[in-house]
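Visitor: Pasting in a structure now, in structure tokens, and then I'll have a few things to ask.
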Amino acid sequence: MLNWIITAAFALLCLALLLNLWRLIIGPDPSDRILALDTMYINSIALILLYGIWQDTPLFFEAALLIAMLGFVSTIAVCKYLLRGDIIE
């Protein structure tokens, strides 16, 4: 039963990534595009964690943590660029 649930979760997360990509491409505002990109980071982290559960290895959890930190810093940098037009003051 766990294999069926993991497969269904993979499919739903891939669908969520496609919908986020659609919002990233046609987003009316730059803020919508930033939120779509941030949500894509979160969905990719969930996919990596799910793959780690499926493979039964803890290596993917560390990779997901690194992607989470990178996604947070890059989102902050892009938001700061949109607000001030400059990243480094």
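Chain labels run A, B, ... following the order of the structure tokens; each chain numbers its residues from 1, and ligands are numbered from 1 in the order shown.
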Set the distance at 8 Å and use only C-alpha atoms: which residues neighbour Asp38 in chain A once local chain neighbours fewer than 2 positions away are removed? I'd like the list as a list in words.

Guide: Ile34, Leu35, Ala36, Met40, Tyr41, Ile42, Gly71, Phe72 and Thr75 of chain A

Visitor: Restricting the calculation to only C-alpha atoms: of A:Leu37, A:Ser44, A:Asp56, A:Leu2, which residue gets closest to Ile76 in chain A?

Guide: A:Leu37

Visitor: Can you tell me how far CA of Pro30 in chain A sits from CA of Leu18 in chain A, in Å to one decimal?

Guide: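 Calculated distance between CA of Pro30 in chain A and CA of Leu18 in chain A is 18.5 Å.
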
Visitor: Would you mind reading off the distance between CA of Lys80 in chain A and CA of Ser31 in chain A, one decimal, in Å?

Guide: 11.4 Å
